[in-house]
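Text of upload.txt, listed as compact mmCIF, C-alpha atoms and all ligand atoms:
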# COMPACT_ATOMS: atom_id res chain seq x y z
CA MET A 36 1.62 17.29 -24.04
CA ASP A 37 0.55 20.92 -24.00
CA ARG A 38 -2.25 20.86 -26.56
CA GLY A 39 -3.22 24.51 -26.56
CA ARG A 40 -5.03 24.97 -23.30
CA GLU A 41 -4.62 21.57 -21.70
CA VAL A 42 -1.79 19.51 -20.23
CA VAL A 43 -1.42 16.05 -18.71
CA GLY A 44 0.20 15.47 -15.34
CA THR A 45 0.20 13.36 -12.16
CA VAL A 46 -1.62 14.23 -8.95
CA VAL A 47 1.03 14.28 -6.21
CA ALA A 48 -1.09 15.48 -3.28
CA VAL A 49 -4.74 15.93 -2.42
CA GLN A 50 -5.63 18.61 0.08
CA ALA A 51 -9.35 19.02 0.69
CA ASN A 52 -10.74 20.07 -2.68
CA PHE A 53 -7.38 21.01 -4.12
CA TYR A 54 -5.04 18.81 -6.08
CA ARG A 55 -1.35 19.38 -6.65
CA VAL A 56 -0.56 18.21 -10.16
CA ARG A 57 2.99 17.66 -11.30
CA PHE A 58 4.23 17.84 -14.89
CA HIS A 59 7.26 16.00 -16.05
CA ASN A 60 7.94 17.88 -19.27
CA SER A 61 10.96 20.06 -19.05
CA ASP A 62 9.30 22.65 -21.32
CA MET A 63 6.61 23.40 -18.73
CA PRO A 64 7.08 26.83 -17.24
CA GLN A 65 6.98 25.22 -13.80
CA GLY A 66 6.70 21.77 -12.25
CA GLU A 67 3.35 21.95 -10.46
CA LEU A 68 -0.08 23.54 -10.53
CA LEU A 69 -2.64 23.73 -7.77
CA CYS A 70 -5.86 22.49 -9.34
CA THR A 71 -9.53 22.24 -8.63
CA ARG A 72 -11.77 19.53 -10.04
CA ARG A 73 -14.28 20.48 -12.75
CA SER A 74 -17.81 20.31 -11.38
CA ARG A 75 -18.68 17.88 -14.16
CA LEU A 76 -16.33 15.35 -12.54
CA LYS A 77 -17.89 16.02 -9.17
CA LYS A 78 -21.34 15.37 -10.62
CA ILE A 79 -20.40 11.98 -12.04
CA GLY A 80 -18.73 11.12 -8.73
CA GLN A 81 -15.27 10.87 -10.29
CA ARG A 82 -12.82 10.85 -7.47
CA VAL A 83 -9.31 12.21 -7.93
CA MET A 84 -6.58 10.30 -6.09
CA VAL A 85 -2.90 10.80 -5.48
CA GLY A 86 -1.15 9.06 -8.37
CA ASP A 87 -3.92 9.73 -10.88
CA ARG A 88 -2.93 10.79 -14.37
CA VAL A 89 -5.11 13.78 -15.18
CA ARG A 90 -5.82 16.23 -17.96
CA VAL A 91 -5.67 19.83 -16.78
CA GLU A 92 -7.53 22.54 -18.66
CA ASP A 93 -6.75 26.24 -18.77
CA PRO A 94 -3.37 26.10 -17.02
CA ASP A 95 -2.59 29.50 -15.53
CA TRP A 96 1.17 29.25 -15.25
CA ALA A 97 1.60 32.72 -13.83
CA GLY A 98 -0.95 32.11 -11.08
CA GLY A 99 0.04 28.45 -10.63
CA ARG A 100 -3.56 27.26 -10.99
CA GLY A 101 -5.57 24.91 -13.19
CA ALA A 102 -8.65 22.69 -13.35
CA ILE A 103 -8.75 18.92 -13.69
CA ALA A 104 -11.06 17.99 -16.55
CA GLU A 105 -10.38 14.27 -16.90
CA VAL A 106 -8.99 11.37 -14.90
CA TYR A 107 -7.39 8.63 -16.98
CA PRO A 108 -8.12 4.97 -16.16
CA ARG A 109 -6.08 3.61 -13.25
CA ARG A 110 -3.68 0.72 -13.63
CA THR A 111 -3.85 -0.06 -9.93
CA GLU A 112 -5.71 1.36 -6.96
CA LEU A 113 -5.04 1.08 -3.25
CA SER A 114 -7.49 2.24 -0.65
CA ARG A 115 -5.14 2.44 2.32
CA PRO A 116 -3.12 4.48 1.61
CA PRO A 117 -5.29 5.93 -1.15
CA VAL A 118 -2.89 5.85 -4.12
CA ALA A 119 -3.62 5.21 -7.78
CA ASN A 120 -1.19 3.68 -10.27
CA ALA A 121 1.32 2.49 -7.68
CA ASP A 122 3.83 0.00 -9.07
CA ARG A 123 5.58 -1.42 -6.07
CA ILE A 124 5.83 -1.52 -2.31
CA LEU A 125 9.18 -0.90 -0.73
CA LEU A 126 9.01 -2.73 2.57
CA VAL A 127 11.67 -1.58 5.01
CA PHE A 128 12.62 -3.64 8.04
CA SER A 129 15.60 -3.09 10.28
CA ALA A 130 18.31 -5.71 10.62
CA GLY A 131 19.36 -4.36 14.00
CA GLN A 132 17.80 -1.87 16.45
CA PRO A 133 14.97 -2.75 16.42
CA SER A 134 15.97 -6.33 15.67
CA LEU A 135 14.25 -8.35 12.99
CA ASP A 136 11.07 -9.95 14.30
CA PRO A 137 10.07 -12.82 11.97
CA HIS A 138 6.44 -12.72 12.97
CA GLN A 139 6.06 -8.98 12.41
CA LEU A 140 7.97 -9.22 9.13
CA SER A 141 5.64 -11.98 8.02
CA ARG A 142 2.58 -9.85 8.74
CA PHE A 143 3.91 -6.96 6.70
CA LEU A 144 4.88 -9.28 3.87
CA VAL A 145 1.41 -10.80 3.74
CA LYS A 146 -0.14 -7.35 3.88
CA ALA A 147 2.09 -6.18 1.05
CA GLU A 148 1.40 -9.30 -1.01
CA SER A 149 -2.33 -8.71 -0.64
CA THR A 150 -2.01 -5.48 -2.64
CA GLU A 151 -0.75 -7.58 -5.55
CA LEU A 152 1.79 -4.88 -6.37
CA SER A 153 5.39 -5.93 -6.81
CA LEU A 154 7.35 -6.08 -3.61
CA LEU A 155 10.85 -4.98 -2.78
CA LEU A 156 12.13 -5.98 0.66
CA CYS A 157 14.92 -3.85 2.14
CA LEU A 158 16.70 -4.75 5.34
CA SER A 159 18.07 -1.53 6.77
CA LYS A 160 20.83 -0.65 9.25
CA CYS A 161 22.91 -3.59 7.96
CA ASP A 162 25.98 -1.78 9.33
CA LEU A 163 24.83 -3.04 12.73
CA VAL A 164 24.97 -6.75 11.93
CA SER A 165 27.66 -9.24 10.90
CA THR A 166 28.02 -10.73 7.44
CA GLN A 167 27.40 -14.14 8.94
CA TRP A 168 24.10 -12.99 10.42
CA GLN A 169 23.13 -11.53 7.05
CA GLU A 170 23.92 -14.80 5.31
CA GLN A 171 21.75 -16.75 7.75
CA TRP A 172 18.81 -14.44 7.23
CA GLU A 173 19.33 -14.38 3.51
CA GLN A 174 19.01 -18.15 3.44
CA ARG A 175 15.97 -18.08 5.68
CA LEU A 176 14.23 -15.45 3.58
CA GLU A 177 15.01 -17.34 0.42
CA GLU A 178 12.99 -20.21 1.84
CA TRP A 179 10.17 -17.75 2.45
CA GLY A 180 10.39 -16.74 -1.22
CA TYR A 181 12.17 -13.41 -0.88
CA SER A 182 15.59 -12.01 -1.65
CA PRO A 183 16.22 -8.89 0.41
CA LEU A 184 18.31 -5.88 -0.45
CA TRP A 185 20.58 -4.98 2.45
CA ILE A 186 20.94 -1.25 2.95
CA SER A 187 22.50 1.22 5.32
CA THR A 188 22.31 4.99 5.32
CA VAL A 189 25.44 4.93 7.48
CA SER A 190 27.73 2.79 5.31
CA GLN A 191 25.76 3.56 2.10
CA GLU A 192 25.55 -0.13 1.30
CA GLY A 193 22.76 -0.91 -1.17
CA ILE A 194 21.71 2.72 -1.66
CA ALA A 195 22.89 2.99 -5.28
CA THR A 196 21.19 -0.30 -6.17
CA LEU A 197 18.00 0.84 -4.50
CA LYS A 198 18.03 4.10 -6.46
CA GLN A 199 18.18 2.10 -9.67
CA GLU A 200 15.31 -0.14 -8.58
CA LEU A 201 13.10 2.87 -7.86
CA ALA A 202 13.99 4.90 -10.94
CA GLU A 203 10.73 4.10 -12.69
CA GLY A 204 7.12 4.14 -11.59
CA VAL A 205 5.46 4.84 -8.28
CA THR A 206 6.79 3.27 -5.07
CA ILE A 207 5.05 3.16 -1.71
CA VAL A 208 7.31 3.02 1.32
CA ALA A 209 6.06 0.86 4.17
CA GLY A 210 7.42 -0.64 7.34
CA PRO A 211 7.20 -0.33 11.10
CA SER A 212 8.29 2.68 13.08
CA GLY A 213 11.97 3.28 13.76
CA VAL A 214 13.41 1.12 10.98
CA GLY A 215 14.95 4.15 9.27
CA LYS A 216 12.36 5.06 6.63
CA SER A 217 12.80 8.81 7.11
CA SER A 218 16.59 8.50 7.03
CA LEU A 219 16.31 6.49 3.85
CA ILE A 220 13.93 8.93 2.16
CA ASN A 221 16.22 11.83 3.03
CA GLU A 222 19.05 9.85 1.49
CA LEU A 223 17.06 9.21 -1.68
CA ILE A 224 15.69 12.75 -1.93
CA PRO A 225 18.19 15.08 -0.25
CA GLN A 226 16.16 18.19 -1.19
CA LEU A 227 13.20 16.93 0.75
CA ARG A 228 14.53 17.72 4.18
CA LEU A 229 15.05 21.30 3.07
CA ARG A 230 11.62 21.52 1.62
CA VAL A 231 9.89 20.09 4.65
CA ALA A 232 11.65 22.60 6.83
CA ASN A 233 10.71 25.45 4.51
CA VAL A 234 6.98 24.96 4.43
CA SER A 235 6.21 26.32 7.90
CA GLY A 236 5.76 22.88 9.39
CA LYS A 237 2.74 22.28 7.20
CA LEU A 238 4.05 19.33 5.20
CA GLN A 239 5.93 18.05 8.17
CA ARG A 240 2.73 17.74 10.09
CA GLY A 241 0.96 16.37 7.06
CA ARG A 242 3.47 13.57 6.75
CA HIS A 243 2.52 12.25 10.13
CA THR A 244 -1.24 12.32 9.84
CA THR A 245 -2.56 8.97 8.76
CA ARG A 246 -4.64 10.29 5.89
CA HIS A 247 -2.06 12.40 4.18
CA VAL A 248 -0.32 10.89 1.18
CA GLU A 249 2.15 12.70 -0.98
CA LEU A 250 4.24 11.61 -3.95
CA PHE A 251 7.80 12.90 -4.02
CA GLN A 252 9.91 13.08 -7.15
CA LEU A 253 13.13 11.07 -6.92
CA PRO A 254 16.10 12.89 -8.48
CA THR A 255 16.99 9.71 -10.36
CA GLY A 256 13.44 9.29 -11.68
CA GLY A 257 10.32 7.68 -10.27
CA LEU A 258 7.93 8.84 -7.59
CA LEU A 259 7.90 7.87 -3.94
CA ALA A 260 4.92 7.87 -1.60
CA ASP A 261 5.82 8.41 1.99
CA THR A 262 2.84 7.55 4.06
CA PRO A 263 2.26 6.10 7.47
CA GLY A 264 -1.13 4.90 6.19
CA PHE A 265 0.19 1.46 5.38
CA ASN A 266 1.85 0.90 8.68
CA GLN A 267 -0.88 -0.77 10.66
CA PRO A 268 -0.56 -4.32 9.49
CA ASP A 269 -4.20 -5.32 10.00
CA LEU A 270 -4.41 -8.10 7.49
CA ASP A 271 -7.90 -7.56 6.12
CA THR A 272 -7.85 -10.58 3.83
CA SER A 273 -10.42 -13.34 3.49
CA PRO A 274 -9.53 -16.79 4.86
CA GLU A 275 -9.75 -18.23 1.35
CA GLU A 276 -7.27 -15.74 -0.09
CA LEU A 277 -4.69 -15.86 2.68
CA ALA A 278 -2.57 -18.77 1.40
CA ARG A 279 -1.99 -16.95 -1.89
CA TYR A 280 -0.04 -14.30 -0.01
CA PHE A 281 2.63 -16.78 1.09
CA PRO A 282 5.04 -17.56 -1.76
CA GLU A 283 5.80 -20.94 -0.15
CA ALA A 284 2.12 -21.88 -0.14
CA ARG A 285 1.64 -20.58 -3.68
CA GLN A 286 4.47 -22.76 -4.84
CA ARG A 287 3.00 -25.81 -3.14
CA MET A 288 -0.43 -25.16 -4.62
CA GLU A 289 1.07 -24.76 -8.07
CA SER A 290 2.93 -28.05 -7.98
CA GLU A 291 -0.03 -29.99 -6.58
CA SER A 292 -3.56 -28.89 -5.80
CA CYS A 293 -5.43 -29.73 -2.61
CA GLN A 294 -8.22 -32.28 -2.78
CA PHE A 295 -10.84 -29.72 -1.77
CA LYS A 296 -11.20 -26.54 -3.75
CA ASP A 297 -12.14 -24.58 -0.64
CA CYS A 298 -9.32 -26.09 1.43
CA LEU A 299 -8.15 -23.77 4.19
CA HIS A 300 -5.05 -25.95 4.65
CA THR A 301 -5.61 -26.80 8.30
CA ASP A 302 -6.81 -30.35 8.87
CA GLU A 303 -8.38 -31.22 5.53
CA PRO A 304 -7.29 -34.52 3.98
CA HIS A 305 -4.91 -34.45 1.00
CA CYS A 306 -3.83 -30.87 1.47
CA SER A 307 -0.75 -29.83 -0.46
CA VAL A 308 -0.07 -26.69 1.58
CA ARG A 309 0.04 -28.04 5.12
CA GLY A 310 3.53 -29.20 5.97
CA GLU A 311 7.04 -28.56 7.09
CA TRP A 312 7.67 -25.00 6.05
CA GLU A 313 8.76 -22.40 8.55
CA ARG A 314 5.97 -19.92 8.08
CA TYR A 315 3.17 -22.51 8.12
CA GLU A 316 2.79 -21.55 11.77
CA HIS A 317 2.34 -17.89 10.79
CA TYR A 318 -0.21 -18.97 8.23
CA GLN A 319 -2.24 -20.73 10.90
CA ILE A 320 -2.19 -17.71 13.20
CA PHE A 321 -3.17 -15.29 10.44
CA LEU A 322 -5.89 -17.68 9.30
CA GLN A 323 -7.54 -17.60 12.71
CA GLU A 324 -7.43 -13.81 12.54
CA ALA A 325 -8.90 -13.74 9.06
CA ILE A 326 -11.71 -16.07 10.11
CA ALA A 327 -12.47 -13.90 13.14
CA GLN A 328 -12.51 -10.78 10.94
CA GLN A 329 -14.76 -12.48 8.44
CA GLU A 330 -17.21 -13.41 11.18
CA GLN A 331 -17.11 -9.87 12.50
CA ARG A 332 -17.93 -8.53 9.04
CA ASP A 333 -20.76 -11.00 8.65
CA ARG A 334 -22.30 -9.92 11.90
CA THR A 335 -22.43 -6.34 10.72
CA ARG A 336 -24.17 -6.98 7.42
CA ASP A 337 -27.08 -8.95 6.10
CA PRO A 338 -25.77 -12.51 6.00
CA GLU A 339 -28.30 -13.61 3.36
CA SER A 340 -26.95 -11.29 0.74
CA VAL A 341 -23.23 -11.83 1.05
CA VAL A 342 -22.27 -15.17 2.49
CA LYS A 343 -23.33 -18.74 2.47
CA ARG A 344 -22.85 -20.52 5.73
CA LYS A 345 -21.07 -23.81 5.82
CA THR A 346 -20.51 -26.44 8.39
CA LYS A 347 -17.12 -28.05 8.43
CA ARG A 348 -15.95 -31.24 10.01
CA LYS A 349 -16.15 -31.20 13.80
CA GLY A 350 -19.11 -28.84 13.46
CA ASP A 351 -16.91 -25.73 13.01
CA ARG A 352 -18.97 -23.13 11.27
CA TYR A 353 -17.43 -20.70 8.91
CA CYS A 354 -18.63 -18.34 6.25
CA GLU A 355 -17.63 -18.20 2.68
CA PRO A 356 -18.38 -15.29 0.40
CA LYS A 357 -20.52 -16.23 -2.57
CA LEU A 358 -18.25 -15.96 -5.55
CA GLU A 359 -20.34 -13.78 -7.77
CA LEU A 360 -21.08 -11.40 -4.96
CA LYS A 361 -17.54 -11.12 -3.73
CA LYS A 362 -16.69 -8.61 -6.40
CA TYR A 363 -19.66 -6.52 -5.43
CA ARG A 364 -18.75 -6.76 -1.78
CA ARG A 365 -15.23 -5.54 -2.53
CA LEU A 366 -16.49 -2.63 -4.55
CA SER A 367 -18.91 -1.60 -1.94
CA ARG A 368 -16.25 -1.73 0.74
CA ARG A 369 -13.98 0.37 -1.39
CA LYS A 370 -16.81 2.79 -1.97
CA GLN A 371 -17.30 3.05 1.76
CA HIS A 372 -13.62 3.80 2.32
CA GLN A 373 -13.78 6.35 -0.40
CA LEU A 374 -16.71 8.20 1.04
CA LEU A 375 -15.18 8.11 4.48
CA GLU A 376 -11.85 9.40 3.26
CA GLU A 377 -13.40 12.24 1.33
CA GLN A 378 -15.42 13.25 4.32
CA GLU A 379 -12.42 13.06 6.64
CA LEU A 380 -10.23 15.00 4.28
CA ASP A 381 -12.79 17.74 4.12
CA GLU A 382 -12.91 17.86 7.88
CA LEU A 383 -9.16 17.77 8.19
CA TYR A 384 -8.52 21.09 6.56
CA ASP A 385 -10.38 24.19 7.61
CA GLU A 386 -10.65 27.37 5.59
CA ARG A 387 -7.56 28.94 7.11
CA GLU A 388 -5.40 25.94 6.28
CA LEU A 389 -6.71 25.99 2.75
CA GLU A 390 -5.46 29.52 2.35
CA ASP A 391 -2.03 28.38 3.59
CA ILE A 392 -1.95 25.73 0.91
CA VAL A 393 -2.97 28.13 -1.81
CA ASP A 394 -0.25 30.53 -0.72
N1 LIG B 1 23.08 2.32 12.43
C1 LIG B 1 22.16 2.83 11.63
N2 LIG B 1 21.18 3.60 12.14
C2 LIG B 1 20.25 4.10 11.31
C3 LIG B 1 20.26 3.84 9.92
N3 LIG B 1 19.20 4.45 9.35
C4 LIG B 1 18.55 5.08 10.35
N4 LIG B 1 19.16 4.88 11.55
C5 LIG B 1 18.74 5.38 12.86
O1 LIG B 1 17.51 4.76 13.23
C6 LIG B 1 16.69 5.66 13.96
C7 LIG B 1 15.31 5.72 13.34
O2 LIG B 1 15.42 6.27 12.04
P1 LIG B 1 14.20 7.00 11.29
O3 LIG B 1 14.67 7.31 9.93
O4 LIG B 1 13.64 8.09 12.11
O5 LIG B 1 13.14 5.79 11.26
P2 LIG B 1 11.63 5.80 10.70
O6 LIG B 1 11.39 4.45 10.13
O7 LIG B 1 11.40 6.96 9.81
O8 LIG B 1 10.82 5.96 12.02
P3 LIG B 1 9.32 6.55 12.18
O9 LIG B 1 9.39 8.02 11.85
O10 LIG B 1 9.02 6.28 13.62
O11 LIG B 1 8.45 5.78 11.25
C8 LIG B 1 17.43 6.99 13.94
O12 LIG B 1 18.08 7.13 15.17
C9 LIG B 1 18.43 6.86 12.82
O13 LIG B 1 19.59 7.62 13.04
C10 LIG B 1 21.32 3.01 9.40
O14 LIG B 1 21.42 2.70 8.21
N5 LIG B 1 22.22 2.53 10.31
ZN ZN B 2 -4.96 -27.39 1.41
Let me see whether you can do it: turn the structure in this file into structure tokens.
Ligand SMILES: Nc1nc2c(ncn2[C@@H]2O[C@H](COP(=O)(O)OP(=O)(O)OP(=O)(O)O)[C@@H](O)[C@H]2O)c(=O)[nH]1
Ligand SMILES: [Zn+2]
Amino acid sequence: MDRGREVVGTVVAVQANFYRVRFHNSDMPQGELLCTRRSRLKKIGQRVMVGDRVRVEDPDWAGGRGAIAEVYPRRTELSRPPVANADRILLVFSAGQPSLDPHQLSRFLVKAESTELSLLLCLSKCDLVSTQWQEQWEQRLEEWGYSPLWISTVSQEGIATLKQELAEGVTIVAGPSGVGKSSLINELIPQLRLRVANVSGKLQRGRHTTRHVELFQLPTGGLLADTPGFNQPDLDTSPEELARYFPEARQRMESESCQFKDCLHTDEPHCSVRGEWERYEHYQIFLQEAIAQQEQRDRTRDPESVVKRKTKRKGDRYCEPKLELKKYRRLSRRKQHQLLEEQELDELYDERELEDIVD
């Protein structure tokens, strides 16, 4: 990969205008370089994200510095947390302490599904629950469309399997507070604890600010993003899309379509989704939320340009994004996030902190 004066690597952290780029070749003199972004990229508005594959020019191995000259096309892109090329979400929920809350689990599952990345559900602290309890939940989750991996950092159950699952690609860890994410990450990357303690509290603090994302190298291969950025399960999906994020609803829609193309699966006639499945109730609750969010969004932008208004039976009004404009709307929202994040990142680190990072 080292073609004279350029190398290709992965951005593992973004700190103000600096990028930590990691190289996987064993023949590199060292694993990482602290890089700036060529002004040409700045001019064309090319953003550099954690997870980006980049070409670095003029690597100065002795000084540990370089300059990013090119960002390769992204396979995937998340805005919250801002990570490029992520492959999967590792959703961690605790089997006991705190106990498994079906409603909260459902929210996180829907949120994870909405990223369209692959999803791995881990139920942690399984040392605290009986096999019988596990079997019951396993059956229940199967009906939801999921097969969980039971893990425990105490008994080590599932840890080896999990390591294999994560050995390739980029994984984003998500899940509510207290379920054992930190314990799990320390188990997967034993060096990390050491490293966090060594860097004068800097990374430690970084890990707990909502904007900071960092990719850690797993000893068995693969990269892991530990970020609290994903942990507020605000759904942020349109009412029309919501059903797609329930495997049970997807399955029903695949075997038989609803009479109306824009069916929201509430009280429409000949709906294939409405019915006797456990999480239908969750669907209805999330739908009300999604409709409320949609209305909120509509109020804050020019309704003419983005939505067409419709009147449903019983006079309920709701808004539907015009199809051809939806794409544009998405882009522009992403753009907004992007600008905001760049601005906040710049504000987050002052000059003195920058010097710390460079040291
Ligand atoms: N019994 C049992 N306890 C565990 C296990 N894993 C973690 N814990 C305990 O659960 C508590 C929370 O663990 P953390 O790793 O801090 O959880 P977290 O998800 O990182 O929490 P936040 O930092 O708040 O997001 C700690 O007291 C751990 O010792 C496990 O497998 N079994
Ligand atoms: Zn329907």
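Distances here use only C-alpha atoms; by that measure, the residue among A:His300, A:Ser307, A:Leu277, A:Phe321 closest to Ser149 in chain A is A:Leu277.
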Length of the CA of Leu322 in chain A to CA of Ser290 in chain A vector [Å]
22.0 Å
A:Leu197, A:Ala284, A:Leu152, A:Val47 ranked by distance to ligand ZN 2 (chain B), top pick (using only C-alpha atoms and all ligand atoms)
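Counting only C-alpha atoms and all ligand atoms, the residue closest to ligand ZN 2 (chain B) is A:Ala284.
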Mind listing as a list in words all residues within 12 Å of (18.7, 3.5, -6.7), counting only C-alpha atoms?
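Within 12 Å of (18.7, 3.5, -6.7), the protein and nucleic acid residues are Leu184, Ile186, Gln191, Glu192, Gly193, Ile194, Ala195, Thr196, Leu197, Lys198, Gln199, Glu200, Leu201, Ala202, Glu203, Leu219, Ile220, Glu222, Leu223, Ile224, Leu253, Pro254, Thr255, Gly256, Gly257 and Leu259 of chain A.
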Residues from last step as file, C-alpha atoms, as a PDB file, in the frame of the given file:
ATOM      1  CA  LEU A 184      18.310  -5.880  -0.450  1.00  0.00           C
ATOM      2  CA  ILE A 186      20.940  -1.250   2.950  1.00  0.00           C
ATOM      3  CA  GLN A 191      25.760   3.560   2.100  1.00  0.00           C
ATOM      4  CA  GLU A 192      25.550  -0.130   1.300  1.00  0.00           C
ATOM      5  CA  GLY A 193      22.760  -0.910  -1.170  1.00  0.00           C
ATOM      6  CA  ILE A 194      21.710   2.720  -1.660  1.00  0.00           C
ATOM      7  CA  ALA A 195      22.890   2.990  -5.280  1.00  0.00           C
ATOM      8  CA  THR A 196      21.190  -0.300  -6.170  1.00  0.00           C
ATOM      9  CA  LEU A 197      18.000   0.840  -4.500  1.00  0.00           C
ATOM     10  CA  LYS A 198      18.030   4.100  -6.460  1.00  0.00           C
ATOM     11  CA  GLN A 199      18.180   2.100  -9.670  1.00  0.00           C
ATOM     12  CA  GLU A 200      15.310  -0.140  -8.580  1.00  0.00           C
ATOM     13  CA  LEU A 201      13.100   2.870  -7.860  1.00  0.00           C
ATOM     14  CA  ALA A 202      13.990   4.900 -10.940  1.00  0.00           C
ATOM     15  CA  GLU A 203      10.730   4.100 -12.690  1.00  0.00           C
ATOM     16  CA  LEU A 219      16.310   6.490   3.850  1.00  0.00           C
ATOM     17  CA  ILE A 220      13.930   8.930   2.160  1.00  0.00           C
ATOM     18  CA  GLU A 222      19.050   9.850   1.490  1.00  0.00           C
ATOM     19  CA  LEU A 223      17.060   9.210  -1.680  1.00  0.00           C
ATOM     20  CA  ILE A 224      15.690  12.750  -1.930  1.00  0.00           C
ATOM     21  CA  LEU A 253      13.130  11.070  -6.920  1.00  0.00           C
ATOM     22  CA  PRO A 254      16.100  12.890  -8.480  1.00  0.00           C
ATOM     23  CA  THR A 255      16.990   9.710 -10.360  1.00  0.00           C
ATOM     24  CA  GLY A 256      13.440   9.290 -11.680  1.00  0.00           C
ATOM     25  CA  GLY A 257      10.320   7.680 -10.270  1.00  0.00           C
ATOM     26  CA  LEU A 259       7.900   7.870  -3.940  1.00  0.00           C
TER      27      LEU A 259
END
Proximity to ligand LIG 1 (chain B) - best of A:Gly310, A:Gly210, A:Pro117, A:Pro274, only C-alpha atoms and all ligand atoms:
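Closest candidate: A:Gly210.
Residues of protein, DNA or RNA lying at most 8 Å from ligand LIG 1 (chain B), when all atoms listed in the file are considered, are Val127, Gly131, Gln132, Ser159, Lys160, Cys161, Asp162, Leu163, Ile186, Ser187, Thr188, Val189, Ser190, Gln191, Gly210, Pro211, Ser212, Gly213, Val214, Gly215, Lys216, Ser217, Ser218, Leu219, Ile220 and Pro263 of chain A.
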Counting only C-alpha atoms and all ligand atoms, what are the residues, protein, DNA or RNA alike, that approach ligand ZN 2 (chain B) to within 12 Å? I want them as a PyMOL selection string.
chain A and resi 275-279+284-285+287-289+291-310+315+318-319
Using all atoms listed in the file, can you tell me which of A:Pro94, A:Leu69, A:Val106, A:Gln323 comes closest to Arg82 in chain A?
A:Val106
Atoms added to range 171-175 of chain A (all heavy atoms), reported as a PDB file, in the frame of the given file:
ATOM      1  N   GLN A 171      22.764 -15.861   7.162  1.00  0.00           N
ATOM      2  CA  GLN A 171      21.750 -16.750   7.750  1.00  0.00           C
ATOM      3  C   GLN A 171      20.335 -16.280   7.384  1.00  0.00           C
ATOM      4  O   GLN A 171      19.482 -17.060   6.987  1.00  0.00           O
ATOM      5  CB  GLN A 171      21.891 -16.796   9.269  1.00  0.00           C
ATOM      6  CG  GLN A 171      23.004 -17.714   9.728  1.00  0.00           C
ATOM      7  CD  GLN A 171      23.326 -17.502  11.203  1.00  0.00           C
ATOM      8  OE1 GLN A 171      22.696 -16.679  11.885  1.00  0.00           O
ATOM      9  NE2 GLN A 171      24.314 -18.229  11.696  1.00  0.00           N
ATOM     10  N   TRP A 172      20.144 -14.967   7.533  1.00  0.00           N
ATOM     11  CA  TRP A 172      18.810 -14.440   7.230  1.00  0.00           C
ATOM     12  C   TRP A 172      18.501 -14.516   5.744  1.00  0.00           C
ATOM     13  O   TRP A 172      17.368 -14.730   5.350  1.00  0.00           O
ATOM     14  CB  TRP A 172      18.685 -12.990   7.731  1.00  0.00           C
ATOM     15  CG  TRP A 172      17.979 -12.959   9.050  1.00  0.00           C
ATOM     16  CD1 TRP A 172      18.531 -12.845  10.280  1.00  0.00           C
ATOM     17  CD2 TRP A 172      16.558 -13.091   9.248  1.00  0.00           C
ATOM     18  NE1 TRP A 172      17.564 -12.894  11.252  1.00  0.00           N
ATOM     19  CE2 TRP A 172      16.339 -13.043  10.637  1.00  0.00           C
ATOM     20  CE3 TRP A 172      15.475 -13.252   8.401  1.00  0.00           C
ATOM     21  CZ2 TRP A 172      15.068 -13.136  11.203  1.00  0.00           C
ATOM     22  CZ3 TRP A 172      14.188 -13.336   8.963  1.00  0.00           C
ATOM     23  CH2 TRP A 172      13.997 -13.288  10.345  1.00  0.00           C
ATOM     24  N   GLU A 173      19.515 -14.320   4.957  1.00  0.00           N
ATOM     25  CA  GLU A 173      19.330 -14.380   3.510  1.00  0.00           C
ATOM     26  C   GLU A 173      18.815 -15.758   3.105  1.00  0.00           C
ATOM     27  O   GLU A 173      17.896 -15.887   2.301  1.00  0.00           O
ATOM     28  CB  GLU A 173      20.655 -14.067   2.816  1.00  0.00           C
ATOM     29  CG  GLU A 173      20.477 -13.851   1.359  1.00  0.00           C
ATOM     30  CD  GLU A 173      21.235 -12.647   0.855  1.00  0.00           C
ATOM     31  OE1 GLU A 173      21.596 -11.753   1.654  1.00  0.00           O
ATOM     32  OE2 GLU A 173      21.446 -12.604  -0.351  1.00  0.00           O
ATOM     33  N   GLN A 174      19.405 -16.775   3.722  1.00  0.00           N
ATOM     34  CA  GLN A 174      19.010 -18.150   3.440  1.00  0.00           C
ATOM     35  C   GLN A 174      17.578 -18.404   3.914  1.00  0.00           C
ATOM     36  O   GLN A 174      16.769 -19.002   3.217  1.00  0.00           O
ATOM     37  CB  GLN A 174      19.964 -19.078   4.182  1.00  0.00           C
ATOM     38  CG  GLN A 174      20.141 -20.401   3.502  1.00  0.00           C
ATOM     39  CD  GLN A 174      21.203 -21.202   4.245  1.00  0.00           C
ATOM     40  OE1 GLN A 174      21.899 -20.698   5.144  1.00  0.00           O
ATOM     41  NE2 GLN A 174      21.308 -22.468   3.896  1.00  0.00           N
ATOM     42  N   ARG A 175      17.296 -17.885   5.109  1.00  0.00           N
ATOM     43  CA  ARG A 175      15.970 -18.080   5.680  1.00  0.00           C
ATOM     44  C   ARG A 175      14.904 -17.412   4.809  1.00  0.00           C
ATOM     45  O   ARG A 175      13.865 -18.004   4.508  1.00  0.00           O
ATOM     46  CB  ARG A 175      15.988 -17.451   7.078  1.00  0.00           C
ATOM     47  CG  ARG A 175      14.772 -17.751   7.898  1.00  0.00           C
ATOM     48  CD  ARG A 175      15.038 -17.340   9.333  1.00  0.00           C
ATOM     49  NE  ARG A 175      13.845 -17.491  10.137  1.00  0.00           N
ATOM     50  CZ  ARG A 175      13.765 -17.107  11.406  1.00  0.00           C
ATOM     51  NH1 ARG A 175      14.815 -16.540  11.999  1.00  0.00           N
ATOM     52  NH2 ARG A 175      12.657 -17.262  12.094  1.00  0.00           N
TER      53      ARG A 175
END
